[in-house]
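K.L.:
Below you'll find input_39.cif; it's mmCIF, C-alpha atoms and all ligand atoms.
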data_run
loop_
_atom_site.group_PDB
_atom_site.id
_atom_site.type_symbol
_atom_site.label_atom_id
_atom_site.label_comp_id
_atom_site.auth_asym_id
_atom_site.auth_seq_id
_atom_site.Cartn_x
_atom_site.Cartn_y
_atom_site.Cartn_z
ATOM 1 C CA MET A 1 132.133 123.342 79.524
ATOM 2 C CA HIS A 2 134.867 125.102 77.688
ATOM 3 C CA ILE A 3 134.183 128.640 76.496
ATOM 4 C CA HIS A 4 136.579 130.211 74.078
ATOM 5 C CA ALA A 5 138.143 133.481 75.271
ATOM 6 C CA TYR A 6 136.745 135.329 72.246
ATOM 7 C CA GLU A 7 133.297 134.069 73.041
ATOM 8 C CA LYS A 8 133.597 135.522 76.532
ATOM 9 C CA ILE A 9 134.510 138.846 74.969
ATOM 10 C CA TRP A 10 131.443 139.079 72.786
ATOM 11 C CA LEU A 11 129.209 137.849 75.555
ATOM 12 C CA ALA A 12 130.510 140.759 77.601
ATOM 13 C CA PHE A 13 129.826 143.105 74.644
ATOM 14 C CA ALA A 14 126.221 141.929 74.574
ATOM 15 C CA ILE A 15 125.775 142.512 78.283
ATOM 16 C CA VAL A 16 127.313 145.984 78.020
ATOM 17 C CA LEU A 17 124.854 146.793 75.208
ATOM 18 C CA ILE A 18 121.882 145.765 77.327
ATOM 19 C CA LEU A 19 123.138 147.825 80.266
ATOM 20 C CA LEU A 20 123.670 150.797 77.946
ATOM 21 C CA LEU A 21 120.117 150.487 76.693
ATOM 22 C CA LEU A 22 118.589 150.231 80.155
ATOM 23 C CA GLY A 23 120.910 152.950 81.428
ATOM 24 C CA SER A 24 119.941 155.494 78.808
ATOM 25 C CA VAL A 25 116.221 154.880 79.266
ATOM 26 C CA THR A 26 116.709 155.317 83.005
ATOM 27 C CA TYR A 27 118.747 158.450 82.380
ATOM 28 C CA GLY A 28 115.965 159.793 80.120
ATOM 29 C CA ALA A 29 113.369 159.275 82.833
ATOM 30 C CA VAL A 30 115.476 160.718 85.650
ATOM 31 C CA GLY A 31 117.344 163.497 83.828
ATOM 32 C CA PRO A 32 115.153 165.162 81.173
ATOM 33 C CA GLY A 33 112.079 163.571 82.795
ATOM 34 C CA VAL A 34 110.771 161.714 79.753
ATOM 35 C CA ALA A 35 107.325 160.295 80.490
ATOM 36 C CA MET A 36 104.743 158.190 78.738
ATOM 37 C CA VAL A 37 101.124 158.888 77.902
ATOM 38 C CA ALA A 38 99.458 157.604 81.052
ATOM 39 C CA ASP A 39 96.125 155.847 81.426
ATOM 40 C CA SER A 40 95.319 157.941 84.498
ATOM 41 C CA GLU A 41 92.505 159.841 82.812
ATOM 42 C CA GLY A 42 89.060 158.322 83.117
ATOM 43 C CA GLN A 43 86.806 157.430 80.224
ATOM 44 C CA ILE A 44 84.308 159.853 78.770
ATOM 45 C CA ASP A 45 81.315 159.578 76.481
ATOM 46 C CA ALA A 46 82.617 160.354 73.010
ATOM 47 C CA THR A 47 79.103 160.933 71.694
ATOM 48 C CA ALA A 48 78.359 163.575 74.329
ATOM 49 C CA LEU A 49 81.435 165.765 74.309
ATOM 50 C CA ASP A 50 79.220 168.826 74.163
ATOM 51 C CA GLU A 51 78.089 167.977 77.686
ATOM 52 C CA ASP A 52 81.604 167.524 78.988
ATOM 53 C CA GLU A 53 82.852 170.559 80.834
ATOM 54 C CA ARG A 54 86.340 170.214 79.412
ATOM 55 C CA PHE A 55 85.544 169.413 75.820
ATOM 56 C CA ALA A 56 82.246 171.177 75.171
ATOM 57 C CA GLU A 57 84.367 174.224 74.474
ATOM 58 C CA PRO A 58 87.828 173.180 73.294
ATOM 59 C CA ARG A 59 90.201 175.798 74.638
ATOM 60 C CA VAL A 60 93.404 176.708 76.438
ATOM 61 C CA GLU A 61 93.213 177.827 80.038
ATOM 62 C CA GLN A 62 95.596 178.604 82.836
ATOM 63 C CA VAL A 63 95.715 175.954 85.535
ATOM 64 C CA GLY A 64 98.830 176.917 87.466
ATOM 65 C CA GLU A 65 101.371 179.649 87.858
ATOM 66 C CA ASN A 66 103.026 178.929 84.553
ATOM 67 C CA HIS A 67 100.975 175.910 83.639
ATOM 68 C CA TYR A 68 98.316 175.833 80.951
ATOM 69 C CA ALA A 69 95.847 173.162 79.939
ATOM 70 C CA ALA A 70 94.722 172.719 76.363
ATOM 71 C CA TYR A 71 91.505 170.805 75.767
ATOM 72 C CA VAL A 72 91.568 169.583 72.232
ATOM 73 C CA VAL A 73 88.979 167.651 70.248
ATOM 74 C CA ALA A 74 90.053 165.715 67.180
ATOM 75 C CA TYR A 75 87.400 164.980 64.599
ATOM 76 C CA GLN A 76 86.985 163.971 60.976
ATOM 77 C CA PHE A 77 88.896 165.955 59.721
ATOM 78 C CA GLY A 78 90.563 168.496 61.944
ATOM 79 C CA PHE A 79 91.429 169.669 65.420
ATOM 80 C CA GLU A 80 89.631 172.081 67.663
ATOM 81 C CA PRO A 81 90.718 174.693 68.648
ATOM 82 C CA ASP A 82 92.670 175.556 65.535
ATOM 83 C CA PRO A 83 95.136 177.038 66.122
ATOM 84 C CA ILE A 84 95.892 175.972 69.668
ATOM 85 C CA VAL A 85 97.495 179.089 71.132
ATOM 86 C CA VAL A 86 99.752 178.825 74.163
ATOM 87 C CA PRO A 87 102.120 181.337 75.798
ATOM 88 C CA ALA A 88 105.872 181.019 75.354
ATOM 89 C CA ASN A 89 108.125 179.493 78.017
ATOM 90 C CA SER A 90 105.391 177.673 79.851
ATOM 91 C CA ARG A 91 104.323 174.167 80.747
ATOM 92 C CA VAL A 92 101.388 172.933 78.708
ATOM 93 C CA THR A 93 99.257 169.874 79.384
ATOM 94 C CA LEU A 94 97.391 168.714 76.320
ATOM 95 C CA HIS A 95 94.183 166.777 76.883
ATOM 96 C CA VAL A 96 93.125 165.335 73.585
ATOM 97 C CA THR A 97 90.042 163.300 72.783
ATOM 98 C CA SER A 98 88.073 162.299 69.713
ATOM 99 C CA ARG A 99 84.397 162.576 68.979
ATOM 100 C CA ASP A 100 84.306 160.029 66.186
ATOM 101 C CA VAL A 101 87.082 157.609 65.259
ATOM 102 C CA ILE A 102 90.691 156.981 66.264
ATOM 103 C CA HIS A 103 92.993 159.822 65.295
ATOM 104 C CA GLY A 104 96.589 160.740 65.880
ATOM 105 C CA PHE A 105 97.878 163.933 67.428
ATOM 106 C CA GLU A 106 101.389 164.822 66.397
ATOM 107 C CA VAL A 107 103.123 168.134 66.781
ATOM 108 C CA VAL A 108 105.238 167.829 63.671
ATOM 109 C CA GLY A 109 108.955 167.368 64.216
ATOM 110 C CA THR A 110 108.665 167.042 67.978
ATOM 111 C CA ASN A 111 108.190 164.333 70.569
ATOM 112 C CA ALA A 112 104.632 165.468 71.348
ATOM 113 C CA ASN A 113 102.790 162.625 69.708
ATOM 114 C CA THR A 114 99.929 160.481 70.887
ATOM 115 C CA MET A 115 97.056 158.373 69.687
ATOM 116 C CA VAL A 116 93.594 159.855 70.177
ATOM 117 C CA VAL A 117 90.926 157.302 70.998
ATOM 118 C CA PRO A 118 87.216 158.104 71.232
ATOM 119 C CA GLY A 119 86.076 157.677 74.835
ATOM 120 C CA GLU A 120 89.584 158.170 76.166
ATOM 121 C CA VAL A 121 91.548 161.297 76.995
ATOM 122 C CA SER A 122 95.191 161.343 75.961
ATOM 123 C CA GLU A 123 97.161 163.520 78.304
ATOM 124 C CA ILE A 124 100.669 164.723 77.594
ATOM 125 C CA THR A 125 102.601 167.528 79.224
ATOM 126 C CA VAL A 126 105.308 169.446 77.404
ATOM 127 C CA GLU A 127 107.457 172.479 78.032
ATOM 128 C CA VAL A 128 107.263 175.063 75.279
ATOM 129 C CA GLY A 129 110.040 177.547 74.640
ATOM 130 C CA GLU A 130 110.285 180.625 72.477
ATOM 131 C CA PRO A 131 107.422 181.781 70.232
ATOM 132 C CA GLN A 132 107.064 179.450 67.304
ATOM 133 C CA GLU A 133 104.481 177.957 64.992
ATOM 134 C CA TYR A 134 104.194 174.207 64.929
ATOM 135 C CA GLY A 135 102.193 172.115 62.529
ATOM 136 C CA LEU A 136 99.814 169.522 63.845
ATOM 137 C CA LEU A 137 98.746 166.408 62.062
ATOM 138 C CA CYS A 138 96.780 163.218 62.356
ATOM 139 C CA ASN A 139 98.964 160.161 61.908
ATOM 140 C CA GLU A 140 96.288 157.467 62.221
ATOM 141 C CA TYR A 141 94.276 156.738 59.123
ATOM 142 C CA CYS A 142 90.816 158.054 59.970
ATOM 143 C CA GLY A 143 88.858 158.219 56.743
ATOM 144 C CA ALA A 144 88.634 159.815 53.329
ATOM 145 C CA GLY A 145 89.890 163.189 54.485
ATOM 146 C CA HIS A 146 92.738 161.892 56.619
ATOM 147 C CA HIS A 147 95.444 163.332 54.395
ATOM 148 C CA ALA A 148 93.986 166.800 54.885
ATOM 149 C CA MET A 149 93.599 166.543 58.646
ATOM 150 C CA GLU A 150 95.909 169.087 60.167
ATOM 151 C CA GLY A 151 96.042 171.921 62.643
ATOM 152 C CA LYS A 152 98.383 174.410 64.216
ATOM 153 C CA LEU A 153 100.023 174.918 67.572
ATOM 154 C CA HIS A 154 101.049 178.517 68.047
ATOM 155 C CA VAL A 155 103.465 179.423 70.794
ATOM 156 C CA VAL A 156 103.054 183.181 71.127
ATOM 157 C CA PRO A 157 104.647 185.863 73.314
ATOM 158 C CA ARG A 158 102.936 186.136 76.683
ATOM 159 C CA GLU A 159 101.407 189.585 76.031
ATOM 160 C CA GLU A 160 99.889 188.347 72.814
ATOM 161 C CA PHE A 161 98.443 185.328 74.604
ATOM 162 C CA GLU A 162 96.955 187.472 77.311
ATOM 163 C CA SER A 163 95.151 189.638 74.765
ATOM 164 C CA SER A 164 93.927 186.730 72.659
ATOM 165 C CA ASP A 165 91.344 185.293 75.034
ATOM 166 C CA GLY A 166 93.225 182.081 75.682
ATOM 167 C CA GLY A 167 93.501 181.150 72.043
ATOM 168 C CA GLU A 168 89.843 180.502 71.457
ATOM 169 C CA SER A 169 89.951 181.600 67.845
ATOM 170 C CA ALA A 170 93.064 183.618 67.242
ATOM 171 C CA MET B 1 131.677 126.202 67.159
ATOM 172 C CA SER B 2 131.880 127.063 63.541
ATOM 173 C CA ARG B 3 133.541 124.632 61.217
ATOM 174 C CA THR B 4 133.417 126.948 58.277
ATOM 175 C CA GLU B 5 135.903 129.432 59.603
ATOM 176 C CA THR B 6 139.145 127.598 59.143
ATOM 177 C CA ALA B 7 141.259 130.198 57.406
ATOM 178 C CA GLY B 8 143.833 130.460 60.138
ATOM 179 C CA ALA B 9 143.622 126.914 61.427
ATOM 180 C CA PRO B 10 146.023 124.143 60.507
ATOM 181 C CA VAL B 11 144.639 121.842 57.841
ATOM 182 C CA ASP B 12 145.160 118.700 59.866
ATOM 183 C CA ASP B 13 143.461 120.050 62.946
ATOM 184 C CA ALA B 14 140.129 118.278 63.183
ATOM 185 C CA GLY B 15 138.884 118.919 66.711
ATOM 186 C CA GLY B 16 141.382 121.188 68.439
ATOM 187 C CA ASP B 17 139.434 124.099 69.830
ATOM 188 C CA GLU B 18 142.452 125.539 71.534
ATOM 189 C CA GLU B 19 144.306 126.810 68.494
ATOM 190 C CA PHE B 20 141.190 127.954 66.761
ATOM 191 C CA ASP B 21 141.065 131.740 67.022
ATOM 192 C CA PRO B 22 138.344 133.319 64.881
ATOM 193 C CA VAL B 23 139.997 136.717 64.746
ATOM 194 C CA GLY B 24 137.841 137.727 61.797
ATOM 195 C CA THR B 25 134.651 136.973 63.677
ATOM 196 C CA LEU B 26 135.907 138.875 66.685
ATOM 197 C CA ALA B 27 136.765 141.880 64.548
ATOM 198 C CA LEU B 28 133.400 141.718 62.811
ATOM 199 C CA ILE B 29 131.582 141.646 66.141
ATOM 200 C CA ALA B 30 133.670 144.547 67.403
ATOM 201 C CA VAL B 31 132.744 146.616 64.368
ATOM 202 C CA TYR B 32 129.094 145.648 64.717
ATOM 203 C CA PHE B 33 129.189 146.578 68.397
ATOM 204 C CA ALA B 34 130.666 149.976 67.578
ATOM 205 C CA ILE B 35 127.947 150.604 64.979
ATOM 206 C CA LEU B 36 125.242 149.669 67.484
ATOM 207 C CA VAL B 37 126.649 151.945 70.167
ATOM 208 C CA ILE B 38 127.031 154.892 67.803
ATOM 209 C CA ALA B 39 123.541 154.340 66.364
ATOM 210 C CA TRP B 40 122.036 154.062 69.827
ATOM 211 C CA VAL B 41 123.693 157.242 71.068
ATOM 212 C CA TYR B 42 122.547 159.061 67.946
ATOM 213 C CA ILE B 43 118.973 157.784 68.023
ATOM 214 C CA TYR B 44 118.363 158.245 71.732
ATOM 215 C CA TYR B 45 120.463 161.190 72.832
ATOM 216 C CA ILE B 46 120.578 163.301 69.701
ATOM 217 C CA GLU B 47 117.488 162.492 67.665
ATOM 218 C CA PHE B 48 115.043 161.705 70.474
ATOM 219 C CA LEU B 49 116.125 163.835 73.420
ATOM 220 C CA GLY B 50 117.332 166.624 71.133
ATOM 221 C CA ARG B 51 113.912 167.233 69.669
ATOM 222 C CA ASP B 52 111.459 169.859 70.808
ATOM 223 C CA LEU B 53 108.559 169.253 73.196
ATOM 224 C CA VAL B 54 109.817 166.278 75.123
ATOM 225 C CA VAL B 55 106.849 164.704 76.894
ATOM 226 C CA VAL B 56 107.447 165.182 80.613
ATOM 227 C CA GLY B 57 104.146 164.150 82.108
HETATM 228 CU CU CU C 1 92.355 161.896 61.851
#
Would you write the structure of this file as structure tokens?
P.N.:
Amino acid sequence: MHIHAYEKIWLAFAIVLILLLLGSVTYGAVGPGVAMVADSEGQIDATALDEDERFAEPRVEQVGENHYAAYVVAYQFGFEPDPIVVPANSRVTLHVTSRDVIHGFEVVGTNANTMVVPGEVSEITVEVGEPQEYGLLCNEYCGAGHHAMEGKLHVVPREEFESSDGGESA
Amino acid sequence: MSRTETAGAPVDDAGGDEEFDPVGTLALIAVYFAILVIAWVYIYYIEFLGRDLVVVG
């Protein structure tokens, strides 16, 4: 079969594009450590969150040297706790679940974004930097009040976090 | 091969692949390739990785 020289060129272009695509995704995983929302968390009873030790009292607690866990419940129409208060320059693992329908959990303008499914726990870990206030919103249509479903993520100076009782109700 | 792109080809050439050089197509693909590469670099490295709170676990 005869292949025109030009055709060989654009075939090579296409292969380079594919390698570029795979290469950058690999780079993202190895370099900055980009990860996905895993399915490692077990299922829970969405109708009995008040009996679940993590979600009965939505809160932020320290789980490691500079590692904090936030247990967040999404509901029609809001997030608990609100605001979620975490200390600056730390690693935060967000465990988010729903007690009614499917919601979204998006820290506005950032990559922290996951679906929240009743009976499942969405777990994402992020590194927060300097003190800042982020908006939080639901990006899955969840009912009549969906458009008003929002919350806050407050990254506060460490001293302020320490004196605020883990962000229970700042 | 395309029969519509005959701008540079001799009129009497019916089946000669050899002299048929679709320079325009090649240029078009090159431009398209450049756009794709620039867009990809922008979307992945600047817009995605450049944002706050990259999910790391
Ligand atoms: Cu919602």
K.L.:
Care to translate the PyMOL selection byres (((chain B and resi 55) around 6) and not hetatm) into actual residues of this file, as a ChimeraX atom specification?
P.N.:
/A:34-35,125-126 /B:54,56-57
K.L.:
Suppose we keep C-alpha atoms; can you now write the selection as a PDB file, in the frame of the given file?
P.N.:
ATOM      1  CA  VAL A  34     110.771 161.714  79.753  1.00  0.00           C
ATOM      2  CA  ALA A  35     107.325 160.295  80.490  1.00  0.00           C
ATOM      3  CA  THR A 125     102.601 167.528  79.224  1.00  0.00           C
ATOM      4  CA  VAL A 126     105.308 169.446  77.404  1.00  0.00           C
TER       5      VAL A 126
ATOM      6  CA  VAL B  54     109.817 166.278  75.123  1.00  0.00           C
ATOM      7  CA  VAL B  56     107.447 165.182  80.613  1.00  0.00           C
ATOM      8  CA  GLY B  57     104.146 164.150  82.108  1.00  0.00           C
TER       9      GLY B  57
END
K.L.:
Give as a PDB file with C-alpha atoms, in the coordinates of the input the residues surrounding ligand CU 1 (chain C) up to a distance of 8 Å, considering only C-alpha atoms and all ligand atoms.
P.N.:
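Okay, result-v4.pdb is ready:
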ATOM      1  CA  ALA A  74      90.053 165.715  67.180  1.00  0.00           C
ATOM      2  CA  TYR A  75      87.400 164.980  64.599  1.00  0.00           C
ATOM      3  CA  GLN A  76      86.985 163.971  60.976  1.00  0.00           C
ATOM      4  CA  PHE A  77      88.896 165.955  59.721  1.00  0.00           C
ATOM      5  CA  GLY A  78      90.563 168.496  61.944  1.00  0.00           C
ATOM      6  CA  VAL A 101      87.082 157.609  65.259  1.00  0.00           C
ATOM      7  CA  ILE A 102      90.691 156.981  66.264  1.00  0.00           C
ATOM      8  CA  HIS A 103      92.993 159.822  65.295  1.00  0.00           C
ATOM      9  CA  GLY A 104      96.589 160.740  65.880  1.00  0.00           C
ATOM     10  CA  LEU A 137      98.746 166.408  62.062  1.00  0.00           C
ATOM     11  CA  CYS A 138      96.780 163.218  62.356  1.00  0.00           C
ATOM     12  CA  ASN A 139      98.964 160.161  61.908  1.00  0.00           C
ATOM     13  CA  GLU A 140      96.288 157.467  62.221  1.00  0.00           C
ATOM     14  CA  TYR A 141      94.276 156.738  59.123  1.00  0.00           C
ATOM     15  CA  CYS A 142      90.816 158.054  59.970  1.00  0.00           C
ATOM     16  CA  GLY A 143      88.858 158.219  56.743  1.00  0.00           C
ATOM     17  CA  GLY A 145      89.890 163.189  54.485  1.00  0.00           C
ATOM     18  CA  HIS A 146      92.738 161.892  56.619  1.00  0.00           C
ATOM     19  CA  MET A 149      93.599 166.543  58.646  1.00  0.00           C
TER      20      MET A 149
END
K.L.:
Quick check, in Å to one decimal: how far apart do CA of Met36 (chain A) and CA of Ala34 (chain B) lie?
P.N.:
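The value is 29.4 Å.
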K.L.:
Can you tell me how far CA of Glu133 (chain A) sits from CA of Pro83 (chain A), in Å to one decimal?
P.N.:
9.5 Å
K.L.:
Please return, as number ranges by chain, all residues of chain A lying within 9 Å of chain B when only C-alpha atoms are considered.
P.N.:
A: 4-7, 9-10, 13-14, 17, 20-21, 24-25, 28-29, 32-38, 93, 107, 109-113, 123-129
K.L.:
For the atom pair CA of His67 (chain A) and CA of Leu94 (chain A), what is the interatomic distance in Å to one decimal place?
P.N.:
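Straight-line distance from CA of His67 (chain A) to CA of Leu94 (chain A) works out to 10.9 Å.
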K.L.:
For Glu80 (chain A), which residue among A:Gly151, A:Gly119, A:Gly31, A:Gly42 is the nearest when counting all atoms listed in the file?
P.N.:
A:Gly151
